[in-house]
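Structure first, then comments.
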Amino acid sequence: MQNTTNTEDVLVLEPGQSPPMEITTPPRRPKWDDTFKYMANPDQFCRRYLQEYGPIFNTKVFGRTTIFLGCSRAIQMAFNGDLKYTEIALPATTMDMFGEYSLFQRPDLHRQRKSALAPGLTGRVLDGYTPHINDVIIRGLQNWSTPSHMALYPAVEQICFDVLTPLLLGVSLDDHDPATFQGLPITSKAELKALYKTYFDGFYGLFKWQSRLTKYGRGILARAALLEFMGAVVRRRRAEGQDINPTADFLSMMLAGQEENPDGIFSDALIENQCLLQLWASHYEISGLISSLMYQIARYPQVLQKLRQEQANLVGENGNFQMFSPEQLKQMVFLDATIKETLRTLPPSATAIRQLTKSVVLDGVLYEQGCAVMAEPRIAHIMPEHFHEPEVFAPERFLPERGEGKMYEFIPFGGGVHACLGAQMAIAVTKVFASHVLQAFDWNLTGEPKFVQFPLKKLKDDYCIEIVRRVP
Ligand code: HEM
């Protein structure tokens, strides 16, 4: 079988056109309780049916027939159908939480919006954020008191929040300095985080009933409060009356774009919604990734040793290095590979669900119009066709000489036109964080951890590590 899917391999059936003879449909009869089983433990769900049916099978998650895809050719078909034979179709509650200004809505505006937003999160502007990222992480790590028994995820999350709020919104909130909350409708970081938590809980609320009694209803209210907060941040920025430096942070980039072209893409509503969404995505995803990475490093001492060696080769062994530059981060190939192996073995989430707007045939399988398709890293990442000995934690597989982790086989950030816009930022923040942690601390696990499984896989809040500051 070929490994890549050319556009001409996918036969798109026009309305009324019959499929060719000799085709099959994906196996497995969808079951009414698939949603509950999937949400309870997506890893287990995917492993079980991969074993029973192979990498393509039917389910009935989120109320409709959804075909799970694990093999690279089918994944490529799903990722590249936008505007041709697919559209994003997440559950109705999720779509409401994202709202009309997210990149998952309005396929007609997607390309224009995405390319307008990208400069604030990628490339040279992202490189320019590096001193700030270093600075906040160093200060945050100084507050880790050791030796101690420390809850890992909350400790990481606190620092990530302080890194990301200035990068995305251009504000540094400090609970000890009320002036930082001036003009804003909240008085503490905890209040803002609590709103985000309620908002996030609403994403996969099962009932679209707008009431304080449902997760969905509370999520919608939290969303409105978060937008009010973002609106206040924007007003405060304008009231400061200073020139806007478009490379200072994500909000400045959008405000500068608006100033340049007042009737263009950057309406106030789009700006406020994007602040809300990107702070949400980055905060949860990056905190989850960093804590999973620290967990995996602690499990494999030989990996830790190689990471330390790489750091020593780059910056020496004084253990007191202050500022990792973008160039140094690029040279950390083994750390890069370890982050990728963490994303492979503990992928934080599935990709966005796409609905087929037309029937398509690929490799003799008919994917019928109206069905949804979902590329699942939890299947793709454990297939021996994609990864040698997939059960083994081996960062080396991502080094150039092994070259595993090809496009459509390694998919923690999705792919195609909807590929994650924050992947570069996520990796950059994770690298800086990991580099400082490797220099400053030794840590050990305390027993088998439990993970929150859905919607994002992350260590549970109460999982502790033993941590001790290294002597330089
Ligand atoms: C570990 C970190 C992260 C992971 C694993 C992750 C994962 C994903 C996934 C799976 C998708 C769906 C892609 C698809 O369906 O093809 C996505 C989309 C997206 N992510 Fe991320 N993400 C991460 C960090 C971030 C960050 C830091 C930001 C922003 C600062 C961000 C912004 C976005 C946006 C805007 C989209 C929608 C792109 C589109 O529709 O064109 N993500 N991400």
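Labeling convention for the structure tokens: chains A, B, ... as they appear, residues from 1 per chain, ligands from 1 in order of appearance.
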Contact check, chain A to ligand 1, at most 7 Å, counting only C-alpha atoms and all ligand atoms, closest pairs as a Markdown table:
| residue | atom | partner | partner_atom_place_in_ligand_line | distance |
| --- | --- | --- | --- | --- |
| A:Phe79 | CA | ligand 1 | 16 (O) | 6.4 |
| A:Leu103 | CA | ligand 1 | 40 (O) | 4.4 |
| A:Phe104 | CA | ligand 1 | 40 (O) | 5.0 |
| A:His110 | CA | ligand 1 | 41 (O) | 6.9 |
| A:Lys114 | CA | ligand 1 | 41 (O) | 6.1 |
| A:Leu121 | CA | ligand 1 | 30 (C) | 6.3 |
| A:Gln278 | CA | ligand 1 | 29 (C) | 4.5 |
| A:Leu279 | CA | ligand 1 | 30 (C) | 6.5 |
| A:Ala281 | CA | ligand 1 | 28 (C) | 5.1 |
| A:Ser282 | CA | ligand 1 | 27 (C) | 3.5 |
| A:Glu285 | CA | ligand 1 | 2 (C) | 4.4 |
| A:Ile286 | CA | ligand 1 | 1 (C) | 4.8 |
| A:Leu289 | CA | ligand 1 | 1 (C) | 5.2 |
| A:Pro347 | CA | ligand 1 | 5 (C) | 6.7 |
| A:Pro348 | CA | ligand 1 | 5 (C) | 5.4 |
| A:Ser349 | CA | ligand 1 | 10 (C) | 5.9 |
| A:Ala350 | CA | ligand 1 | 10 (C) | 5.6 |
| A:Thr351 | CA | ligand 1 | 15 (O) | 3.9 |
| A:Ala352 | CA | ligand 1 | 15 (O) | 3.6 |
| A:Ile353 | CA | ligand 1 | 15 (O) | 6.7 |
| A:Pro412 | CA | ligand 1 | 5 (C) | 5.1 |
| A:Phe413 | CA | ligand 1 | 7 (C) | 4.1 |
| A:Gly414 | CA | ligand 1 | 16 (O) | 3.4 |
| A:Gly415 | CA | ligand 1 | 16 (O) | 4.2 |
| A:Gly416 | CA | ligand 1 | 16 (O) | 6.1 |
| A:Val417 | CA | ligand 1 | 41 (O) | 5.8 |
| A:His418 | CA | ligand 1 | 41 (O) | 3.3 |
| A:Ala419 | CA | ligand 1 | 16 (O) | 4.3 |
| A:Cys420 | CA | ligand 1 | 18 (C) | 3.6 |
| A:Leu421 | CA | ligand 1 | 33 (C) | 4.5 |
| A:Gly422 | CA | ligand 1 | 28 (C) | 3.4 |
| A:Ala423 | CA | ligand 1 | 24 (C) | 5.3 |
| A:Met425 | CA | ligand 1 | 27 (C) | 5.5 |
| A:Ala426 | CA | ligand 1 | 27 (C) | 4.7 |
Query raised in the report: So which residues touch Ala428 in chain A within 8 Å, counting only C-alpha atoms, skipping near sequence neighbours fewer than 4 positions away, as a VMD selection string?
Result: chain A and resid 329 424 432
Report task. Identify which of the residues A:Leu346, A:Ile265, A:Met97, A:Ala225 lies closest to Asp201 in chain A, counting only C-alpha atoms when measuring atom-to-atom distances. Result ->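 Answer, going by the shortest atom-to-atom distance: A:Met97.
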Report task. Check the DSSP output for the backbone and give back, as a list in words, the residues of range 85-209 of chain A in strand (DSSP E). Result ->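 Residues of range 85-209 of chain A classed as strand (DSSP E): Thr86, Glu87, Ile88, Ser148, His149, Met150 and Ala151 of chain A.
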Those selected residues, please, written with C-alpha atoms and delivered as a PDB file, in the first residue's frame.
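Result written to result_26.pdb:
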ATOM      1  CA  THR A  86     -15.434  18.082   4.533  1.00  0.00           C
ATOM      2  CA  GLU A  87     -16.244  20.807   7.020  1.00  0.00           C
ATOM      3  CA  ILE A  88     -15.479  21.051  10.727  1.00  0.00           C
ATOM      4  CA  SER A 148       9.183  19.080  48.832  1.00  0.00           C
ATOM      5  CA  HIS A 149       6.347  16.835  47.867  1.00  0.00           C
ATOM      6  CA  MET A 150       4.816  19.063  45.168  1.00  0.00           C
ATOM      7  CA  ALA A 151       1.584  18.729  43.173  1.00  0.00           C
TER       8      ALA A 151
END
Query - Residue with smallest distance to Ser102 in chain A - pool A:Val365, A:Glu401, A:Lys406, A:Leu117, counting only C-alpha atoms - result: A:Leu117
Query raised in the report: Hey, can you check how far CA of Arg344 in chain A sits from CA of Leu293 in chain A?
Result: 11.1 Å
Query raised in the report: What residues in range 224-253 of chain A get the DSSP label alpha helix (DSSP H)? Please answer as JSON, numbers by chain.
Result: {"A": [224, 225, 226, 227, 228, 229, 230, 231, 232, 233, 234, 235, 236, 237, 238, 239, 240, 250, 251, 252, 253]}
Can you pull out the residues contacting range 63-75 of chain A? Cut-off 6 Å, using only C-alpha atoms, and skip same-chain residues under 4 positions away; I want them as a CSV table (one decimal) with C-alpha atoms, in the first residue's frame.
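Saved file out16.csv follows:
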chain,number,residue,atom,x,y,z
A,4,THR,CA,0.8,9.1,0.9
A,5,THR,CA,-2.6,10.0,-0.5
A,55,PRO,CA,-7.3,1.4,12.3
A,56,ILE,CA,-10.6,2.5,10.6
A,57,PHE,CA,-13.9,1.8,12.4
A,58,ASN,CA,-17.4,3.2,13.0
A,59,THR,CA,-18.5,4.7,16.3
A,371,CYS,CA,-20.9,10.8,8.5
A,372,ALA,CA,-18.2,12.4,10.5
A,373,VAL,CA,-14.5,11.4,10.4
A,374,MET,CA,-12.0,11.9,13.2
A,375,ALA,CA,-8.3,11.4,12.9
A,376,GLU,CA,-7.2,9.9,16.2
A,379,ILE,CA,-4.7,5.1,17.1
A,380,ALA,CA,-2.1,6.6,14.7
A,408,TYR,CA,-0.2,12.2,8.9
A,409,GLU,CA,1.4,9.5,11.1
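Using only C-alpha atoms for every distance, the candidate list A:Asp96, A:Asp33, A:Asp127, A:Asp336 yields A:Asp336 as the residue closest to Pro400 in chain A.
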Report task. Could you give me, as number ranges by chain, the residues within 9 Å of Ser172 in chain A, counting only C-alpha atoms and dropping anything in the same chain fewer than 6 positions from it? Result -> A: 162-163, 165-166, 180
Query raised in the report: What is the CA of Arg238 in chain A-CA of Arg124 in chain A distance in Å, reported with one decimal?
Result: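 It comes out at 25.1 Å.
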Would you kindly return, as a PDB file with N, CA and C atoms, in the first residue's frame, each protein, DNA or RNA residue with an atom no farther than 9 Å from any atom of Asp34 in chain A, considering only C-alpha atoms and excluding same-chain residues fewer than 3 positions away?
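As written to disk, out.pdb reads:
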ATOM      1  N   PRO A  30     -22.072   1.121  15.020  1.00  0.00           N
ATOM      2  CA  PRO A  30     -22.013   2.163  16.056  1.00  0.00           C
ATOM      3  C   PRO A  30     -22.933   1.814  17.228  1.00  0.00           C
ATOM      4  N   LYS A  31     -22.525   2.123  18.447  1.00  0.00           N
ATOM      5  CA  LYS A  31     -23.340   1.769  19.612  1.00  0.00           C
ATOM      6  C   LYS A  31     -23.767   3.022  20.370  1.00  0.00           C
ATOM      7  N   LYS A  37     -18.349   5.769  26.716  1.00  0.00           N
ATOM      8  CA  LYS A  37     -17.140   4.943  26.828  1.00  0.00           C
ATOM      9  C   LYS A  37     -15.911   5.712  26.332  1.00  0.00           C
ATOM     10  N   TYR A  38     -16.092   6.459  25.257  1.00  0.00           N
ATOM     11  CA  TYR A  38     -14.974   7.226  24.699  1.00  0.00           C
ATOM     12  C   TYR A  38     -14.541   8.324  25.692  1.00  0.00           C
ATOM     13  N   MET A  39     -15.519   9.053  26.226  1.00  0.00           N
ATOM     14  CA  MET A  39     -15.167  10.147  27.131  1.00  0.00           C
ATOM     15  C   MET A  39     -14.550   9.624  28.433  1.00  0.00           C
ATOM     16  N   PHE A  45     -10.590   3.041  24.675  1.00  0.00           N
ATOM     17  CA  PHE A  45     -11.578   2.909  23.603  1.00  0.00           C
ATOM     18  C   PHE A  45     -10.862   2.686  22.264  1.00  0.00           C
ATOM     19  N   THR A  59     -18.092   4.527  14.904  1.00  0.00           N
ATOM     20  CA  THR A  59     -18.545   4.727  16.290  1.00  0.00           C
ATOM     21  C   THR A  59     -19.789   5.610  16.223  1.00  0.00           C
ATOM     22  N   LYS A  60     -20.377   5.831  17.390  1.00  0.00           N
ATOM     23  CA  LYS A  60     -21.457   6.813  17.420  1.00  0.00           C
ATOM     24  C   LYS A  60     -21.160   7.832  18.520  1.00  0.00           C
ATOM     25  N   VAL A  61     -19.987   8.455  18.442  1.00  0.00           N
ATOM     26  CA  VAL A  61     -19.690   9.434  19.489  1.00  0.00           C
ATOM     27  C   VAL A  61     -20.387  10.757  19.172  1.00  0.00           C
ATOM     28  N   PHE A  62     -20.797  11.452  20.218  1.00  0.00           N
ATOM     29  CA  PHE A  62     -21.444  12.763  20.127  1.00  0.00           C
ATOM     30  C   PHE A  62     -22.648  12.759  19.184  1.00  0.00           C
TER      31      PHE A  62
END
Report task. Could you check which of A:Gln369, A:Ile271, A:Ser325, A:Gly288 is closest to Leu356 in chain A, using only C-alpha atoms? Result ->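 Looking at the shortest contact to Leu356 in chain A, the residue is A:Gln369.
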Show which residues sit within 12 Å of Thr214 in chain A, as a CSV table (one decimal) with N, CA and C atoms, in the first residue's frame. Count only C-alpha atoms, and ignore same-chain residues fewer than 2 positions away.
chain,number,residue,atom,x,y,z
A,93,THR,N,-22.6,21.8,21.4
A,93,THR,CA,-22.3,22.5,22.6
A,93,THR,C,-20.8,23.1,22.4
A,198,THR,N,-14.9,26.9,34.3
A,198,THR,CA,-16.4,26.7,34.0
A,198,THR,C,-16.6,26.8,32.5
A,199,TYR,N,-15.9,27.6,31.8
A,199,TYR,CA,-16.0,27.7,30.4
A,199,TYR,C,-15.7,26.4,29.7
A,201,ASP,N,-15.5,23.4,31.1
A,201,ASP,CA,-16.4,22.3,31.5
A,201,ASP,C,-17.6,22.3,30.6
A,202,GLY,N,-17.9,23.5,30.0
A,202,GLY,CA,-19.1,23.5,29.2
A,202,GLY,C,-18.9,23.0,27.8
A,203,PHE,N,-17.7,22.7,27.4
A,203,PHE,CA,-17.4,22.3,26.0
A,203,PHE,C,-18.1,21.1,25.6
A,204,TYR,N,-18.0,20.1,26.5
A,204,TYR,CA,-18.7,18.8,26.1
A,204,TYR,C,-19.8,18.5,27.0
A,205,GLY,N,-20.5,19.6,27.5
A,205,GLY,CA,-21.8,19.4,28.2
A,205,GLY,C,-22.7,18.6,27.3
A,206,LEU,N,-23.4,17.6,27.8
A,206,LEU,CA,-24.2,16.7,26.9
A,206,LEU,C,-25.5,17.4,26.5
A,207,PHE,N,-26.0,18.3,27.3
A,207,PHE,CA,-27.3,18.9,27.0
A,207,PHE,C,-27.1,20.4,26.6
A,208,LYS,N,-27.7,20.7,25.5
A,208,LYS,CA,-27.7,22.1,25.0
A,208,LYS,C,-28.8,22.9,25.7
A,209,TRP,N,-28.8,22.9,27.0
A,209,TRP,CA,-29.9,23.5,27.7
A,209,TRP,C,-29.3,24.7,28.5
A,210,GLN,N,-29.7,25.9,28.1
A,210,GLN,CA,-29.1,27.1,28.7
A,210,GLN,C,-29.6,27.4,30.0
A,211,SER,N,-29.1,26.8,31.0
A,211,SER,CA,-29.5,27.0,32.4
A,211,SER,C,-28.3,26.9,33.3
A,212,ARG,N,-28.4,27.5,34.5
A,212,ARG,CA,-27.3,27.4,35.4
A,212,ARG,C,-27.2,26.0,36.0
A,216,TYR,N,-23.3,23.2,30.2
A,216,TYR,CA,-23.3,24.0,29.0
A,216,TYR,C,-23.8,25.4,29.4
A,217,GLY,N,-24.9,25.5,30.2
A,217,GLY,CA,-25.4,26.8,30.6
A,217,GLY,C,-24.4,27.6,31.3
A,218,ARG,N,-23.8,27.0,32.3
A,218,ARG,CA,-22.8,27.7,33.1
A,218,ARG,C,-21.6,28.1,32.2
A,219,GLY,N,-21.2,27.2,31.2
A,219,GLY,CA,-20.1,27.5,30.3
A,219,GLY,C,-20.4,28.7,29.5
A,220,ILE,N,-21.7,28.9,29.0
A,220,ILE,CA,-22.0,30.0,28.2
A,220,ILE,C,-21.9,31.3,29.0
A,221,LEU,N,-22.4,31.2,30.3
A,221,LEU,CA,-22.3,32.4,31.1
A,221,LEU,C,-20.8,32.8,31.4
Requested in this report: Extract, using only C-alpha atoms, all DNA, RNA and protein residues at most 12 Å from Asn134 in chain A, discarding same-chain residues fewer than 2 positions from it, and format them as a VMD selection string.
Outcome: chain A and resid 127 to 132 136 to 141 159 to 160 162 to 164 321 to 326 329 428 to 437
